[in-house]
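J.: Below you will find the structure I want to go over with you.
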Amino acid sequence: MLVIRRFEERAARSYTQALIGGYCHLNLGEEAAVVGLVTALEDRDYLFTNYREHGYALERGISPERVMAELYGRVDGVSKGWGGSMHLFDLDHRLVGGYGIVGGQLPLATGAGLAISYRASDEVVMCTMGDGTTNIGAFHESLNLAALWHLPVVYVIINNQLGMGTTVERSSAEPELARRAASYRMASARVDGLDPLATYAAARNAVAAARAGEPFLLEVVSERLRGHSVVDPAKYRSAAEVQALSDHDPVRLVGARLMLEGLLDADALAVLDEEAKAIAEHAAAFAEASPHPDPATLFDYNYATPVANDLRRLPGEALFAARARPTEVV
Amino acid sequence: MALMTFRQALHDTLREEMLRDESVLLLGEEIGVFEGSYKITAGLLAEFGERRVRDTPIAEEGFTGAAIGAAMLGLRPVVEIMTINFSLLALDQIVNHAAKIYGMFGGQARVPLVIRTPGGGGQQLGATHSQNVELYYAFVPGMKVVAPSTPADAKALLLAAIRDDDPVLFLENLTLYNTKGEVPEASVPAEIGRAAITRPGRDLTLIGYSRTAWVASQVAEELAETEGLEIEVIDLRSLRPLDRATLVESVKRTSCAVVLEDDWLTYGIGAEVAASISDGAFDYLDAPVRRVAMAEVPLPYSKVLETAALPSHEDVINAIYQTLDAVGRRRPGARR
Ligand SMILES: Cc1ncc(C[n+]2csc(CCOP(=O)(O)OP(=O)(O)O)c2C)c(N)n1
Ligand SMILES: [Mg+2]
């Protein structure tokens, strides 16, 4: 959790230093949820996420260096600089995509479940999404298919109570999002996402159900400690609400609990924190040192199967070589 | 060689590929119990069972996206979308996901997916059911779009599409399903990205794809008989990639071209063809490249209005004559 926290804070700093471009969405406030969920997966299981996925990548075991390098758009990034913050992918760790289109990952995860069930193998697919995503058509189409076809998919709603500036109450007619599972006769649960152990227990249960061949809808009630993305000042949140956020900070809550239970003292916690900061700093230094992709590689991923007449042309380049007017025209 | 319909060629090729490769499965609305809206998949559920031939709910985005996800994990799904009109519901999954997953993740995941779908108007199906929106997919890098016009090409291009590791939109056409042609016994995939000169000639280059390639052949044959004209017919076969070199080399020989398309004129396939010819063969052109396309209206239901909106046989002949007039190549004694 601490590594995710310090990594995200470092990413925010790099963003304001213009070392990271585009959009950058952080898991700040969702660390307990991320850790609880990912820990419930086996290495062979597949994970699909949305664009708010740095923490998932780290928790799956991808090196912070390669994750940060992707945010920096460098060749050592997990997606070789083609994806950016929203599109992390690493097949070895079976993180099969962060996706930038709200809900885009849901049909894909459903299909991954189909492939697993088609082959009668025993992996599980976990597919995370935000609360706002439950209102998109792909949510309904995917959950219906998964229930109909008995697919091994755990759909996880990270209910951080906001989709950009829109609260759940203002966007979802049934604000208890897990209840939507009833439409598909799908098993579901709602859990406190500030508690990593509770989240882990609920996720384990959901993963077990999926491994036994039935999909599951898990709602993880969480918090978004900052704006929607790094550049969002979140002015739509009241001062009181923002004030109260520190009581909902999972990193603080878990630290306090560990100390209360005598598992960790303040010094030990400080040491861990320094380690986490060092990991984040090291990742940033690695990313900055990693080369930018070579423009000559621009067409390297046009197609997986090479094909005749594939157009590999830079802007300003002619389609056909210019030639002098022929002397003989029929 | 065996004489068979376009429909039969599609059916037999699907069956053959399913027998050859267990990772090939079919998904779509009404393809199993109902045997397909156009009966391409007739008998396949009975032969292969529900695991391989999967009826889906009416959820184009959901099942097309699921096929993409299954393809990412190594299956080779062949999706049938009832008509290309309904593919718009799956546009996000096709354009934002299928087409981008290979490149956007730096080549780490492949999407060996085929989407079979018929387009075309002329059946009085009205504005929502008569469109030719293959252009939307041909526009997108990462997609491959093929459009056969003969039963032989239906087989060869479907084989190629299924064995290809990229998402392929396989365009069919309602009016072609019952057309007949010789189909080779051997299963040799076509090369995606290559056009075919289906009839050589030196008077004019006539270009089409799918139904309009079929029209082009008919018209060329007719004008050869009635006027002694030697029209070169090019069947594009692949809309992405587009075989520009074949177009350009042909026009260098004929110095003029007419392109037939069933979509709307503005920003259409014909515009891309004309621009490519202008780019590669400008100095050889003796007349502007003429486009014959659909009227720019939502296709009306009324038979009279529908007929007026669709490109007619006359429209094609007129475009050819006007182009030949412009280059001064009409044969003496030609009609009109
Ligand atoms: C189809 C689509 N519509 C709109 C957006 C813009 N958008 C990006 S994130 C977001 C809010 C999503 O909220 P939620 O699902 O709760 O996820 P969170 O950001 O809270 O993790 C919106 C509207 C998008 N990326 N895709
Ligand atoms: Mg949210």
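Ligands are numbered from 1 in the order shown, residues from 1 within each chain, and chains are lettered A, B, ... in the order they appear in the structure tokens.
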With a cut-off of 8 Å, could you pull out the residues of chain A touching chain B and give me the nearest pair of atoms for each, distance in Å to one decimal, using only C-alpha atoms, ordered by chain and ascending number, as CSV?
T.:
residue,atom,partner,partner_atom,distance
A:Ser79,CA,B:Phe105,CA,4.7
A:Lys80,CA,B:Gly106,CA,5.5
A:Gly81,CA,B:Gly106,CA,7.5
A:Trp82,CA,B:Met104,CA,5.1
A:Gly83,CA,B:Met104,CA,5.2
A:His87,CA,B:Phe105,CA,7.0
A:Leu88,CA,B:Phe105,CA,7.2
A:Phe89,CA,B:Phe105,CA,5.9
A:Asp90,CA,B:Gln108,CA,7.5
A:Leu91,CA,B:Gln108,CA,6.7
A:Gly97,CA,B:Phe105,CA,7.8
A:Ile101,CA,B:Asn96,CA,7.8
A:Gly104,CA,B:Gln93,CA,6.8
A:Pro107,CA,B:Gly65,CA,4.6
A:Leu108,CA,B:Gly69,CA,3.9
A:Ala109,CA,B:Gly69,CA,6.0
A:Thr110,CA,B:Ala66,CA,5.4
A:Gly111,CA,B:Ala66,CA,3.5
A:Ala112,CA,B:Ala70,CA,4.7
A:Gly113,CA,B:Ala70,CA,7.4
A:Leu114,CA,B:Ala70,CA,6.1
A:Ala115,CA,B:Ala70,CA,4.8
A:Tyr118,CA,B:Arg51,CA,7.0
A:Ala138,CA,B:Gly62,CA,6.0
A:Glu141,CA,B:Gly62,CA,5.0
A:Ser142,CA,B:Gly62,CA,5.5
A:Leu145,CA,B:Gly62,CA,7.5
A:Tyr301,CA,B:Gly103,CA,4.9
A:Asn302,CA,B:Gly142,CA,5.9
A:Tyr303,CA,B:Gly142,CA,6.2
A:Ala304,CA,B:Asp165,CA,5.8
A:Thr305,CA,B:Asp165,CA,5.5
A:Val307,CA,B:Gly193,CA,6.2
A:Ala308,CA,B:Gly193,CA,4.8
A:Asn309,CA,B:Asp243,CA,5.7
A:Asp310,CA,B:Pro241,CA,5.5
A:Leu311,CA,B:Pro241,CA,7.1
A:Ala318,CA,B:Asp279,CA,7.9
A:Leu319,CA,B:Asp279,CA,6.8
A:Phe320,CA,B:Gly280,CA,5.3
A:Ala321,CA,B:Gly280,CA,7.6
A:Ala322,CA,B:Gly280,CA,7.8
A:Arg325,CA,B:Asp283,CA,5.5
A:Pro326,CA,B:Asp283,CA,7.0
A:Val329,CA,B:Tyr284,CA,6.7
A:Val330,CA,B:Ser255,CA,7.7
J.: Do a neighbour search on range 256-259 of chain B at 10 Å with only C-alpha atoms, toss out local chain neighbours closer than 5 positions, and write the hits as a ChimeraX atom specification.
T.: /B:202-209,212-213,216,231-234,247-248,250-251,269-271,273-274,277,281,284-293,316,319-320,322-324,326-327
J.: For Ala289 in chain A, find every residue with an atom within 12 Å (counting only C-alpha atoms), except residues of its own chain fewer than 2 positions away, and show them as a PyMOL selection string.
T.: chain A and resi 19+65-66+68-69+72-77+282-287+291-292
J.: Show me which residues are within 8 Å of ligand 1 counting only C-alpha atoms and all ligand atoms, and format the list as number ranges by chain.
T.: A: 25, 50-52, 100-104, 129-134, 136, 158-164, 168, 224, 228
J.: One decimal, in Å: what's the spacing between CA of Ala308 in chain B and CA of Gln123 in chain B?
T.: 13.3 Å
J.: Would you kindly return, as a PyMOL selection string, each protein, DNA or RNA residue with an atom no farther than 8 Å from any atom of range 173-183 of chain B, considering only C-alpha atoms and excluding same-chain residues fewer than 2 positions away?
T.: chain B and resi 1-7+9+117-120+149-152+155+171+185+210-211
J.: Could you dump the residues just selected with N, CA and C atoms as a compact mmCIF listing (two decimals), in the first residue's frame?
T.:
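Heads up, here's the output in part.txt:
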# COMPACT_ATOMS: atom_id res chain seq x y z
N MET B 1 -12.44 -27.77 -59.19
CA MET B 1 -13.44 -26.69 -59.25
C MET B 1 -14.85 -27.25 -59.04
N ALA B 2 -15.65 -26.48 -58.34
CA ALA B 2 -17.06 -26.86 -58.18
C ALA B 2 -17.90 -25.59 -58.31
N LEU B 3 -19.00 -25.71 -59.01
CA LEU B 3 -19.89 -24.55 -59.17
C LEU B 3 -20.76 -24.45 -57.92
N MET B 4 -20.73 -23.31 -57.28
CA MET B 4 -21.57 -23.15 -56.08
C MET B 4 -21.90 -21.67 -55.85
N THR B 5 -22.87 -21.47 -54.96
CA THR B 5 -23.25 -20.09 -54.64
C THR B 5 -22.25 -19.49 -53.65
N PHE B 6 -22.28 -18.18 -53.58
CA PHE B 6 -21.49 -17.42 -52.61
C PHE B 6 -21.82 -17.92 -51.20
N ARG B 7 -23.11 -18.13 -50.95
CA ARG B 7 -23.54 -18.61 -49.62
C ARG B 7 -22.90 -19.94 -49.29
N ALA B 9 -20.23 -21.24 -50.54
CA ALA B 9 -18.77 -21.12 -50.38
C ALA B 9 -18.43 -20.65 -48.97
N THR B 117 -20.15 -9.77 -41.98
CA THR B 117 -21.39 -8.99 -41.92
C THR B 117 -21.79 -8.53 -43.31
N PRO B 118 -23.07 -8.68 -43.66
CA PRO B 118 -23.50 -8.23 -44.97
C PRO B 118 -23.96 -6.77 -44.97
N GLY B 119 -23.65 -6.07 -46.05
CA GLY B 119 -24.15 -4.72 -46.23
C GLY B 119 -25.02 -4.68 -47.47
N GLY B 120 -25.46 -3.49 -47.81
CA GLY B 120 -26.14 -3.32 -49.09
C GLY B 120 -27.59 -2.93 -48.99
N SER B 149 -16.16 -10.53 -54.12
CA SER B 149 -17.31 -10.37 -55.03
C SER B 149 -17.67 -11.68 -55.72
N THR B 150 -16.85 -12.71 -55.54
CA THR B 150 -17.13 -13.99 -56.19
C THR B 150 -17.08 -15.11 -55.15
N PRO B 151 -17.74 -16.23 -55.43
CA PRO B 151 -17.67 -17.36 -54.50
C PRO B 151 -16.23 -17.83 -54.27
N ALA B 152 -15.41 -17.80 -55.30
CA ALA B 152 -14.02 -18.25 -55.13
C ALA B 152 -13.27 -17.34 -54.16
N LYS B 155 -14.32 -17.77 -50.53
CA LYS B 155 -13.58 -18.84 -49.86
C LYS B 155 -12.15 -18.40 -49.53
N LEU B 171 -16.62 -8.25 -45.39
CA LEU B 171 -17.86 -7.66 -45.90
C LEU B 171 -18.57 -8.59 -46.87
N GLU B 185 -11.30 -26.62 -55.27
CA GLU B 185 -11.39 -27.57 -54.15
C GLU B 185 -10.32 -27.24 -53.11
N SER B 210 -16.89 -5.89 -53.71
CA SER B 210 -18.12 -6.56 -53.29
C SER B 210 -19.15 -6.49 -54.44
N ARG B 211 -20.37 -6.04 -54.18
CA ARG B 211 -21.39 -6.04 -55.22
C ARG B 211 -20.98 -5.21 -56.42
